[in-house]
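Visitor: Pasting work.tsv below, which is TSV, C-alpha atoms and all ligand atoms.
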```tsv
chain	number	residue	atom	x	y	z
A	20	MET	CA	88.32	-7.20	-169.18
A	21	LYS	CA	86.21	-5.71	-171.96
A	22	GLU	CA	86.30	-7.80	-175.09
A	23	LYS	CA	88.11	-6.08	-177.94
A	24	VAL	CA	86.03	-5.92	-181.09
A	25	VAL	CA	87.37	-5.78	-184.63
A	26	ARG	CA	86.84	-2.12	-185.59
A	27	LYS	CA	89.71	-1.51	-187.97
A	28	ALA	CA	90.83	-2.90	-191.28
A	29	ILE	CA	94.09	-2.61	-193.15
A	30	LEU	CA	93.93	-2.53	-196.93
A	31	PRO	CA	97.38	-3.03	-198.46
A	32	ALA	CA	97.41	-1.21	-201.80
A	33	GLY	CA	101.07	-0.49	-202.44
A	34	GLY	CA	101.71	-3.23	-205.01
A	35	LEU	CA	102.85	-2.45	-208.53
A	36	GLY	CA	100.04	-4.26	-210.35
A	37	THR	CA	102.42	-5.60	-212.99
A	38	ARG	CA	99.92	-8.24	-214.14
A	39	PHE	CA	97.70	-5.42	-215.45
A	40	LEU	CA	100.28	-3.33	-217.29
A	41	PRO	CA	99.89	-1.08	-219.18
A	42	ALA	CA	96.57	-0.23	-217.42
A	43	THR	CA	98.41	0.15	-214.11
A	44	LYS	CA	101.34	2.20	-215.37
A	45	ALA	CA	100.05	5.42	-213.83
A	46	SER	CA	96.83	4.32	-212.07
A	47	PRO	CA	96.34	1.97	-209.11
A	48	LYS	CA	95.18	-1.57	-209.87
A	49	GLU	CA	92.88	-1.23	-206.84
A	50	MET	CA	90.93	1.39	-208.83
A	51	LEU	CA	90.23	-0.91	-211.79
A	52	PRO	CA	86.44	-1.05	-212.01
A	53	ILE	CA	84.38	-4.19	-211.71
A	54	VAL	CA	81.03	-3.22	-213.26
A	55	ASP	CA	80.68	0.25	-211.67
A	56	LYS	CA	82.87	0.18	-208.57
A	57	PRO	CA	86.63	0.04	-208.13
A	58	MET	CA	88.00	-3.24	-206.79
A	59	ILE	CA	88.98	-1.71	-203.46
A	60	GLN	CA	85.41	-0.54	-202.79
A	61	TYR	CA	84.20	-4.15	-202.75
A	62	ALA	CA	86.65	-4.84	-199.90
A	63	VAL	CA	85.60	-1.69	-198.03
A	64	GLU	CA	81.91	-2.60	-198.34
A	65	GLU	CA	82.59	-6.16	-197.21
A	66	ALA	CA	84.32	-4.87	-194.06
A	67	GLN	CA	81.68	-2.21	-193.48
A	68	ALA	CA	79.01	-4.92	-193.50
A	69	CYS	CA	80.85	-6.37	-190.45
A	70	GLY	CA	80.72	-3.07	-188.55
A	71	ILE	CA	84.25	-1.94	-189.46
A	72	GLU	CA	84.41	1.84	-189.89
A	73	GLU	CA	88.13	2.62	-189.77
A	74	PHE	CA	90.34	1.85	-192.72
A	75	ILE	CA	94.08	2.13	-192.99
A	76	VAL	CA	95.14	2.01	-196.60
A	77	ILE	CA	98.80	1.35	-197.33
A	78	THR	CA	99.51	3.12	-200.58
A	79	GLY	CA	102.53	3.92	-202.71
A	80	LYS	CA	103.44	5.83	-205.83
A	81	HIS	CA	100.64	6.50	-208.35
A	82	LYS	CA	97.96	5.64	-205.78
A	83	ARG	CA	96.42	9.04	-205.09
A	84	ALA	CA	93.24	8.17	-206.97
A	85	ILE	CA	92.33	5.87	-204.04
A	86	GLU	CA	92.36	8.81	-201.62
A	87	ASP	CA	90.26	10.92	-203.97
A	88	HIS	CA	87.79	8.10	-204.44
A	89	PHE	CA	86.88	7.89	-200.75
A	90	ASP	CA	86.97	11.67	-200.27
A	91	ALA	CA	84.09	14.15	-200.69
A	92	ALA	CA	83.69	15.48	-204.24
A	93	PHE	CA	82.00	18.87	-203.80
A	94	LYS	CA	81.84	19.94	-207.45
A	95	LEU	CA	80.47	16.59	-208.57
A	96	GLU	CA	77.93	16.60	-205.72
A	97	GLU	CA	76.79	20.12	-206.65
A	98	SER	CA	76.34	19.18	-210.26
A	99	LEU	CA	74.43	15.97	-209.41
A	100	LYS	CA	72.22	18.01	-207.04
A	101	LYS	CA	71.50	20.61	-209.74
A	102	SER	CA	70.59	17.99	-212.30
A	103	GLY	CA	68.36	16.13	-209.80
A	104	LYS	CA	70.41	12.89	-209.90
A	105	LYS	CA	69.48	11.90	-206.36
A	106	LYS	CA	70.29	8.22	-206.67
A	107	LEU	CA	73.80	8.85	-207.95
A	108	LEU	CA	74.34	11.43	-205.25
A	109	GLU	CA	73.32	8.90	-202.59
A	110	GLU	CA	75.55	6.30	-204.18
A	111	ILE	CA	78.70	8.45	-204.10
A	112	ASN	CA	78.00	9.45	-200.48
A	113	ARG	CA	77.07	6.01	-199.19
A	114	LEU	CA	80.46	5.43	-197.57
A	115	SER	CA	81.03	9.00	-196.37
A	116	HIS	CA	80.68	8.07	-192.68
A	117	LEU	CA	83.75	5.82	-192.84
A	118	ASN	CA	87.19	7.01	-191.74
A	119	PHE	CA	90.23	6.50	-193.91
A	120	ALA	CA	93.88	6.94	-193.08
A	121	TYR	CA	96.52	6.62	-195.77
A	122	ILE	CA	100.12	5.63	-195.26
A	123	ARG	CA	102.63	5.57	-198.09
A	124	GLN	CA	104.87	2.56	-198.30
A	125	ARG	CA	108.14	3.99	-199.61
A	126	GLU	CA	109.14	0.80	-201.41
A	127	ALA	CA	107.09	-2.28	-202.36
A	128	LEU	CA	108.96	-4.72	-200.08
A	129	GLY	CA	106.15	-7.19	-199.53
A	130	LEU	CA	102.85	-7.68	-197.72
A	131	GLY	CA	104.46	-8.02	-194.27
A	132	HIS	CA	106.43	-4.83	-194.83
A	133	ALA	CA	103.25	-2.99	-195.89
A	134	LEU	CA	101.37	-4.11	-192.77
A	135	SER	CA	104.13	-3.03	-190.43
A	136	TYR	CA	103.43	0.61	-191.37
A	137	ALA	CA	99.99	0.36	-189.73
A	138	ARG	CA	101.34	-0.51	-186.27
A	139	PRO	CA	100.90	2.98	-184.70
A	140	PHE	CA	97.28	3.12	-185.91
A	141	ILE	CA	96.27	-0.29	-184.63
A	142	ARG	CA	97.78	-0.06	-181.15
A	143	ASP	CA	96.36	-2.90	-179.00
A	144	GLU	CA	93.30	-3.94	-181.00
A	145	PRO	CA	92.54	-6.93	-183.20
A	146	PHE	CA	92.13	-5.96	-186.87
A	147	ALA	CA	91.14	-7.30	-190.25
A	148	VAL	CA	93.35	-7.37	-193.34
A	149	LEU	CA	91.68	-7.45	-196.74
A	150	LEU	CA	93.60	-7.88	-199.97
A	151	SER	CA	91.36	-6.13	-202.44
A	152	ASP	CA	92.32	-8.17	-205.48
A	153	ASP	CA	90.70	-11.20	-203.86
A	154	ILE	CA	87.04	-10.39	-204.48
A	155	ILE	CA	84.60	-12.34	-202.33
A	156	ASP	CA	81.04	-12.69	-203.62
A	157	PRO	CA	79.27	-9.76	-201.88
A	158	ASP	CA	76.44	-12.10	-200.83
A	159	ASP	CA	78.88	-14.25	-198.87
A	160	THR	CA	79.59	-13.85	-195.15
A	161	LEU	CA	83.25	-14.93	-195.02
A	162	LEU	CA	84.61	-11.97	-193.02
A	163	LYS	CA	81.65	-12.06	-190.62
A	164	ASP	CA	82.21	-15.76	-190.01
A	165	MET	CA	85.92	-15.15	-189.40
A	166	ILE	CA	85.20	-12.38	-186.87
A	167	HIS	CA	82.73	-14.70	-185.18
A	168	LEU	CA	85.41	-17.40	-184.91
A	169	TYR	CA	87.94	-14.85	-183.60
A	170	ARG	CA	85.52	-13.86	-180.82
A	171	GLU	CA	85.01	-17.49	-179.95
A	172	CYS	CA	88.67	-18.57	-179.90
A	173	LYS	CA	90.48	-15.23	-179.27
A	174	ALA	CA	93.14	-16.24	-181.76
A	175	PRO	CA	94.15	-14.99	-185.22
A	176	VAL	CA	92.08	-16.44	-188.04
A	177	LEU	CA	93.19	-16.77	-191.68
A	178	ALA	CA	90.85	-17.48	-194.56
A	179	ILE	CA	91.88	-20.59	-196.45
A	180	GLU	CA	90.61	-22.30	-199.57
A	181	LYS	CA	91.40	-25.62	-201.19
A	182	VAL	CA	93.03	-24.92	-204.56
A	183	PRO	CA	94.30	-27.24	-207.32
A	184	MET	CA	97.92	-28.33	-206.64
A	185	SER	CA	98.90	-26.78	-209.99
A	186	ASP	CA	98.08	-23.33	-208.50
A	187	ILE	CA	99.46	-23.88	-205.00
A	188	SER	CA	102.76	-22.06	-205.56
A	189	ARG	CA	100.87	-18.77	-206.00
A	190	TYR	CA	99.78	-18.78	-202.35
A	191	GLY	CA	100.78	-18.99	-198.73
A	192	VAL	CA	99.89	-22.58	-197.74
A	193	ILE	CA	98.94	-24.06	-194.37
A	194	SER	CA	98.65	-27.49	-192.90
A	195	GLY	CA	96.36	-28.17	-189.98
A	196	THR	CA	93.89	-30.44	-188.27
A	197	ARG	CA	90.17	-30.00	-188.61
A	198	GLU	CA	88.60	-28.98	-185.30
A	199	LYS	CA	85.05	-28.52	-186.50
A	200	GLU	CA	83.19	-27.65	-189.65
A	201	ASN	CA	85.36	-25.23	-191.69
A	202	VAL	CA	87.77	-24.64	-188.78
A	203	TYR	CA	91.38	-25.86	-188.85
A	204	ARG	CA	94.00	-25.55	-186.15
A	205	ILE	CA	97.13	-24.53	-188.04
A	206	HIS	CA	100.37	-26.58	-187.69
A	207	ASP	CA	102.51	-25.06	-190.38
A	208	LEU	CA	102.61	-22.18	-192.87
A	209	VAL	CA	104.80	-21.75	-195.95
A	210	GLU	CA	104.83	-18.89	-198.47
A	211	LYS	CA	104.44	-19.96	-202.10
A	212	PRO	CA	105.98	-23.47	-201.91
A	213	PRO	CA	106.57	-25.57	-205.03
A	214	PRO	CA	103.79	-28.19	-205.35
A	215	GLU	CA	106.11	-31.07	-204.35
A	216	SER	CA	106.87	-29.55	-200.96
A	217	ALA	CA	103.51	-27.85	-200.23
A	218	PRO	CA	102.20	-29.00	-196.85
A	219	SER	CA	98.63	-29.36	-198.21
A	220	ASP	CA	96.25	-27.96	-200.82
A	221	MET	CA	94.93	-25.33	-198.40
A	222	ALA	CA	95.87	-21.87	-199.62
A	223	ILE	CA	95.66	-18.65	-197.64
A	224	ILE	CA	93.33	-16.22	-199.37
A	225	GLY	CA	93.27	-12.48	-198.84
A	226	ARG	CA	91.30	-12.18	-195.60
A	227	TYR	CA	92.89	-12.24	-192.13
A	228	ILE	CA	91.80	-11.37	-188.59
A	229	LEU	CA	95.01	-10.59	-186.74
A	230	THR	CA	96.17	-9.47	-183.33
A	231	PRO	CA	98.75	-6.73	-182.67
A	232	ASP	CA	101.45	-9.19	-181.54
A	233	ILE	CA	102.14	-9.82	-185.25
A	234	PHE	CA	103.83	-6.39	-185.43
A	235	GLU	CA	106.62	-7.36	-183.01
A	236	ILE	CA	107.44	-10.30	-185.23
A	237	LEU	CA	107.24	-8.29	-188.46
A	238	GLU	CA	109.66	-5.76	-187.07
A	239	ASN	CA	112.46	-8.31	-186.73
A	240	LEU	CA	111.68	-10.46	-189.74
A	241	ALA	CA	114.26	-11.19	-192.43
A	242	PRO	CA	113.19	-11.09	-196.10
A	243	GLY	CA	111.73	-14.36	-197.33
A	244	LYS	CA	110.35	-15.55	-200.69
A	245	GLY	CA	111.22	-13.13	-203.50
A	246	GLY	CA	113.38	-11.06	-201.12
A	247	GLU	CA	110.20	-9.61	-199.57
A	248	ILE	CA	109.01	-9.34	-195.96
A	249	GLN	CA	106.28	-11.98	-195.99
A	250	LEU	CA	103.21	-11.96	-193.75
A	251	THR	CA	103.13	-15.76	-193.99
A	252	ASP	CA	106.64	-15.95	-192.44
A	253	ALA	CA	105.55	-13.63	-189.62
A	254	LEU	CA	102.53	-15.86	-188.98
A	255	ALA	CA	104.82	-18.90	-188.89
A	256	GLY	CA	106.78	-17.04	-186.17
A	257	LEU	CA	103.59	-16.21	-184.29
A	258	LEU	CA	102.56	-19.86	-184.43
A	259	LYS	CA	105.49	-20.64	-182.08
A	260	ARG	CA	103.82	-18.45	-179.46
A	261	ARG	CA	100.09	-19.01	-179.90
A	262	THR	CA	97.37	-20.95	-181.66
A	263	LEU	CA	96.26	-19.84	-185.13
A	264	TYR	CA	93.13	-20.95	-186.94
A	265	GLY	CA	92.26	-21.35	-190.59
A	266	TYR	CA	88.67	-20.77	-191.68
A	267	LEU	CA	87.88	-22.82	-194.77
A	268	PHE	CA	86.02	-20.76	-197.34
A	269	THR	CA	83.78	-22.71	-199.67
A	270	GLY	CA	82.00	-19.80	-201.36
A	271	LYS	CA	82.91	-17.87	-204.48
A	272	ARG	CA	86.20	-15.97	-204.69
A	273	TYR	CA	87.74	-14.25	-207.69
A	274	ASP	CA	91.46	-13.64	-208.01
A	275	ALA	CA	90.88	-10.30	-209.67
A	276	GLY	CA	94.60	-9.54	-209.59
A	277	ASP	CA	94.79	-11.91	-212.53
A	278	LYS	CA	93.25	-11.12	-215.94
A	279	ILE	CA	91.02	-14.17	-216.17
A	280	GLY	CA	89.83	-13.85	-212.54
A	281	TYR	CA	89.12	-10.18	-213.16
A	282	LEU	CA	87.02	-11.00	-216.23
A	283	LYS	CA	85.10	-13.74	-214.38
A	284	ALA	CA	84.37	-11.34	-211.50
A	285	THR	CA	83.18	-8.72	-213.97
A	286	VAL	CA	80.79	-11.13	-215.68
A	287	ASP	CA	79.39	-12.68	-212.48
A	288	LEU	CA	78.96	-9.39	-210.64
A	289	ALA	CA	77.39	-7.76	-213.69
A	290	LEU	CA	74.91	-10.66	-213.78
A	291	LYS	CA	73.91	-9.65	-210.23
A	292	ASN	CA	73.49	-6.00	-211.20
A	293	SER	CA	69.85	-5.20	-212.03
A	294	GLU	CA	70.80	-2.39	-214.40
A	295	VAL	CA	72.71	-4.61	-216.81
A	296	SER	CA	71.97	-8.25	-215.95
A	297	SER	CA	69.23	-9.05	-218.46
A	298	HIS	CA	71.04	-7.46	-221.43
A	299	LEU	CA	74.28	-9.10	-220.46
A	300	LYS	CA	72.61	-12.49	-220.13
A	301	GLU	CA	71.17	-12.22	-223.64
A	302	TYR	CA	74.58	-11.20	-224.93
A	303	LEU	CA	76.38	-14.06	-223.18
A	304	ILE	CA	73.92	-16.58	-224.57
A	305	ALA	CA	74.55	-15.17	-228.06
A	306	VAL	CA	78.32	-15.34	-227.50
A	307	ALA	CA	78.07	-18.95	-226.30
A	308	GLU	CA	76.08	-19.81	-229.43
A	309	ARG	CA	78.69	-18.13	-231.62
A	310	LEU	CA	81.54	-19.98	-229.91
A	311	LYS	CA	79.89	-23.34	-230.64
A	312	HIS	CA	80.45	-22.82	-234.35
A	401	LIG	C1	99.67	-12.72	-200.82
A	401	LIG	C2	100.26	-13.56	-199.67
A	401	LIG	C3	99.95	-15.02	-199.85
A	401	LIG	C4	98.46	-15.22	-200.00
A	401	LIG	C5	97.91	-14.35	-201.15
A	401	LIG	C6	96.39	-14.39	-201.20
A	401	LIG	O1	100.37	-13.05	-202.00
A	401	LIG	O2	101.66	-13.33	-199.61
A	401	LIG	O3	100.40	-15.74	-198.73
A	401	LIG	O4	98.19	-16.56	-200.26
A	401	LIG	O5	98.29	-12.97	-200.96
A	401	LIG	O6	95.90	-13.68	-202.29
A	401	LIG	P1	100.27	-12.15	-203.34
A	401	LIG	O7	98.99	-12.52	-204.01
A	401	LIG	O8	100.29	-10.72	-202.88
A	401	LIG	O9	101.48	-12.51	-204.15
```
Please go through the file and, once you have read it, give me the structure as structure tokens.
Guide:
Amino acid sequence: MKEKVVRKAILPAGGLGTRFLPATKASPKEMLPIVDKPMIQYAVEEAQACGIEEFIVITGKHKRAIEDHFDAAFKLEESLKKSGKKKLLEEINRLSHLNFAYIRQREALGLGHALSYARPFIRDEPFAVLLSDDIIDPDDTLLKDMIHLYRECKAPVLAIEKVPMSDISRYGVISGTREKENVYRIHDLVEKPPPESAPSDMAIIGRYILTPDIFEILENLAPGKGGEIQLTDALAGLLKRRTLYGYLFTGKRYDAGDKIGYLKATVDLALKNSEVSSHLKEYLIAVAERLKH
């Protein structure tokens, strides 16, 4: 049988973005810029670097700007052409070969609920899920490494990271045994447990390589934590049928769904941007000096 490659990615983007109100009252949090790109574009570029060219974005109310962002912009292109701004023109067209499908989630009933909308588009293929408010350092190879592991073990792979126990209740948490460097065979998964009952300090972060059998489970799943249909609960159900792996990420991740994580991502990614890095560095040094006094 021909091996099935990971060609598709689901980008859930239906959430309300309450942590960024009032900025997200009428605009999607996924469109908040980090330096000069919206958050969701970092996730798209990360997947594209792994050969993924089909994107299924689960949207909701006030999310139309995402569709416009990945669409052609004829008037803007014309005006950039006329004024000879070739580099900018290239930049806005760089992702134009990718295919996007948009599905509207009628109500924000949780991550598992959002994913279940993508079932008809995924059919019988493995797929990636990227939560765009978890920004992975663009120089890192997390998703590539996860796809590599999926091909090796033919089982779903979740990205995990060790987090301080004081933060554990913000995440889905796994327990597992280490099989080899960075690879854990999962024994248990719990969504957002209190620290005293968390099975470990290994949190699920927003990157998954999944197989279509998760949809059968999602379809019959009762609401879990917060009254929402939780992907973590569906994965716990899947674990009864097959092996799941955790891939331990040790690189740099920013929780850009949170104000402080968003600011850290902005500073670090701006420091990697040749247009602004040297000025920003000077400014940060001056700020650090000022804060000493
Ligand atoms: C979601 C998942 C959670 C996971 C987290 C990673 O939670 O439900 O299991 O650990 O993403 O960012 P959310 O951040 O949407 O509340």
Visitor: Using all atoms listed in the file, which residues have at least one atom no more than 6 Å from ligand LIG 401 (chain A)? Output them as a list in words.
Guide: Asp153, Tyr190, Gly191, Glu210, Ala222, Ile223, Ile224, Gly225 and Thr251 of chain A
Visitor: For A:Ser194, which residue out of A:Tyr264, A:Phe146, A:Phe140, A:Tyr169 is the nearest one, using only C-alpha atoms?
Guide: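 When distances to A:Ser194 are compared using only C-alpha atoms, the smallest one comes from A:Tyr264.
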Visitor: Quote the spacing between atom CA of A:Glu180 and atom CA of A:Gly276 in Å to one decimal place.
Guide: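 These two atoms are separated by 16.7 Å.
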Visitor: Please indicate the distance in Å from atom CA of A:Tyr203 to atom CA of A:Val176, rounded to one decimal place.
Guide: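 Separating atom CA of A:Tyr203 from atom CA of A:Val176 is a distance of 9.5 Å.
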Visitor: Report, in Å with one decimal, the straight-line distance from atom CA of A:Ile193 to atom CA of A:Thr78.
Guide: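 Going from atom CA of A:Ile193 over to atom CA of A:Thr78 covers 27.9 Å.
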Visitor: Hey, which of A:Leu254, A:Leu208, A:Ile248, A:Val306 ends up closest to A:Gly131? Count all atoms listed in the file.
Guide: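 Among the listed residues, the smallest separation from A:Gly131 belongs to A:Ile248.
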Visitor: Quick one: residues within 12 Å of A:Lys291, all atoms listed in the file, excluding same-chain residues fewer than 4 positions away - as a list in words?
Guide: Ile53, Val54, Asp156, Pro157, Asp158, Ala284, Thr285, Val286, Asp287, Val295, Ser296, Ser297, His298, Leu299 and Lys300 of chain A
Visitor: Restricting the calculation to all atoms listed in the file, which member of A:Asp152, A:Asp186, A:Glu73, A:Glu215 is positioned closest to A:Asp274?
Guide: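 That would be A:Asp152, the residue with the smallest distance to A:Asp274.
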Visitor: Residues at most 10 Å from A:Lys23, counting all atoms listed in the file, excluding those fewer than 2 positions away in the same chain, as a PDB file with C-alpha atoms, in the coordinates of the input?
Guide:
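Ended up saving to result_6.pdb:
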```
ATOM      1  CA  MET A  20      88.320  -7.200-169.180  1.00  0.00           C
ATOM      2  CA  LYS A  21      86.210  -5.710-171.960  1.00  0.00           C
ATOM      3  CA  VAL A  25      87.370  -5.780-184.630  1.00  0.00           C
ATOM      4  CA  ARG A  26      86.840  -2.120-185.590  1.00  0.00           C
ATOM      5  CA  ASP A 143      96.360  -2.900-179.000  1.00  0.00           C
ATOM      6  CA  GLU A 144      93.300  -3.940-181.000  1.00  0.00           C
ATOM      7  CA  PRO A 145      92.540  -6.930-183.200  1.00  0.00           C
ATOM      8  CA  PHE A 146      92.130  -5.960-186.870  1.00  0.00           C
ATOM      9  CA  ARG A 170      85.520 -13.860-180.820  1.00  0.00           C
ATOM     10  CA  LYS A 173      90.480 -15.230-179.270  1.00  0.00           C
TER      11      LYS A 173
END
```
Visitor: Using only C-alpha atoms, which of A:Ser188, A:Ser219, A:Thr160, A:Gln124 sits nearest A:Lys244?
Guide: A:Ser188
Visitor: Let me make sure I understand: among A:Cys69, A:Ala45, A:Ala32, A:Ile304, which one has the smallest atom-to-atom distance to A:Asp159 if we use only C-alpha atoms?
Guide: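 Of A:Cys69, A:Ala45, A:Ala32, A:Ile304, the one nearest A:Asp159 is A:Cys69, counting only C-alpha atoms.
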Visitor: Report as a PyMOL selection string all protein, DNA and RNA residues lying within 12 Å of A:Lys44, evaluated on all atoms listed in the file, omitting residues in the same chain fewer than 2 positions from it.
Guide: chain A and resi 34-42+46-48+80-82
Visitor: Of the candidates A:Asp164, A:Ala305, A:Leu128, A:Thr230, which one gets nearest to A:Gln249 if we count all atoms listed in the file?
Guide: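 Selected residue with least distance to A:Gln249: A:Leu128.
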Visitor: Taking (89.3, -19.9, -208.2) in the coordinates of the supplied file, I want to know which residues reach to within 8 Å of it, counting all atoms listed in the file; could you give the answer as a VMD selection string?
Guide: chain A and resid 182 271 to 274 280
Visitor: Mind dumping the selected residues with C-alpha atoms as a JSON list (two decimals), in the frame of the given file?
Guide:
```json
[["chain", "number", "residue", "atom", "x", "y", "z"],
["A", 182, "VAL", "CA", 93.03, -24.92, -204.56],
["A", 271, "LYS", "CA", 82.91, -17.87, -204.48],
["A", 272, "ARG", "CA", 86.20, -15.97, -204.69],
["A", 273, "TYR", "CA", 87.74, -14.25, -207.69],
["A", 274, "ASP", "CA", 91.46, -13.64, -208.01],
["A", 280, "GLY", "CA", 89.83, -13.85, -212.54]]
```
Visitor: Can you put N, CA, C and O atoms back into stretch 299-310 of chain A and show it as a PDB file, keeping the file's coordinate frame?
Guide:
```pdb
ATOM      1  N   LEU A 299      73.031  -8.341-220.427  1.00  0.00           N
ATOM      2  CA  LEU A 299      74.280  -9.100-220.460  1.00  0.00           C
ATOM      3  C   LEU A 299      74.001 -10.591-220.667  1.00  0.00           C
ATOM      4  O   LEU A 299      74.700 -11.266-221.434  1.00  0.00           O
ATOM      5  N   LYS A 300      72.960 -11.071-219.995  1.00  0.00           N
ATOM      6  CA  LYS A 300      72.610 -12.490-220.130  1.00  0.00           C
ATOM      7  C   LYS A 300      72.307 -12.830-221.595  1.00  0.00           C
ATOM      8  O   LYS A 300      72.847 -13.800-222.138  1.00  0.00           O
ATOM      9  N   GLU A 301      71.489 -11.997-222.200  1.00  0.00           N
ATOM     10  CA  GLU A 301      71.170 -12.220-223.640  1.00  0.00           C
ATOM     11  C   GLU A 301      72.454 -12.242-224.449  1.00  0.00           C
ATOM     12  O   GLU A 301      72.644 -13.094-225.318  1.00  0.00           O
ATOM     13  N   TYR A 302      73.327 -11.301-224.161  1.00  0.00           N
ATOM     14  CA  TYR A 302      74.580 -11.200-224.930  1.00  0.00           C
ATOM     15  C   TYR A 302      75.451 -12.431-224.722  1.00  0.00           C
ATOM     16  O   TYR A 302      75.983 -12.991-225.677  1.00  0.00           O
ATOM     17  N   LEU A 303      75.531 -12.886-223.460  1.00  0.00           N
ATOM     18  CA  LEU A 303      76.380 -14.060-223.180  1.00  0.00           C
ATOM     19  C   LEU A 303      75.848 -15.303-223.859  1.00  0.00           C
ATOM     20  O   LEU A 303      76.609 -16.139-224.354  1.00  0.00           O
ATOM     21  N   ILE A 304      74.525 -15.426-223.900  1.00  0.00           N
ATOM     22  CA  ILE A 304      73.920 -16.580-224.570  1.00  0.00           C
ATOM     23  C   ILE A 304      74.275 -16.531-226.063  1.00  0.00           C
ATOM     24  O   ILE A 304      74.666 -17.539-226.661  1.00  0.00           O
ATOM     25  N   ALA A 305      74.196 -15.317-226.634  1.00  0.00           N
ATOM     26  CA  ALA A 305      74.550 -15.170-228.060  1.00  0.00           C
ATOM     27  C   ALA A 305      76.026 -15.501-228.277  1.00  0.00           C
ATOM     28  O   ALA A 305      76.379 -16.170-229.254  1.00  0.00           O
ATOM     29  N   VAL A 306      76.873 -15.056-227.354  1.00  0.00           N
ATOM     30  CA  VAL A 306      78.320 -15.340-227.500  1.00  0.00           C
ATOM     31  C   VAL A 306      78.556 -16.847-227.421  1.00  0.00           C
ATOM     32  O   VAL A 306      79.289 -17.423-228.233  1.00  0.00           O
ATOM     33  N   ALA A 307      77.889 -17.503-226.465  1.00  0.00           N
ATOM     34  CA  ALA A 307      78.070 -18.950-226.300  1.00  0.00           C
ATOM     35  C   ALA A 307      77.648 -19.684-227.572  1.00  0.00           C
ATOM     36  O   ALA A 307      78.321 -20.625-228.019  1.00  0.00           O
ATOM     37  N   GLU A 308      76.562 -19.231-228.161  1.00  0.00           N
ATOM     38  CA  GLU A 308      76.080 -19.810-229.430  1.00  0.00           C
ATOM     39  C   GLU A 308      77.160 -19.676-230.509  1.00  0.00           C
ATOM     40  O   GLU A 308      77.512 -20.635-231.189  1.00  0.00           O
ATOM     41  N   ARG A 309      77.684 -18.433-230.591  1.00  0.00           N
ATOM     42  CA  ARG A 309      78.690 -18.130-231.620  1.00  0.00           C
ATOM     43  C   ARG A 309      79.934 -18.998-231.444  1.00  0.00           C
ATOM     44  O   ARG A 309      80.500 -19.492-232.395  1.00  0.00           O
ATOM     45  N   LEU A 310      80.305 -19.225-230.169  1.00  0.00           N
ATOM     46  CA  LEU A 310      81.540 -19.980-229.910  1.00  0.00           C
ATOM     47  C   LEU A 310      81.391 -21.466-230.243  1.00  0.00           C
ATOM     48  O   LEU A 310      82.378 -22.176-230.418  1.00  0.00           O
TER      49      LEU A 310
END
```
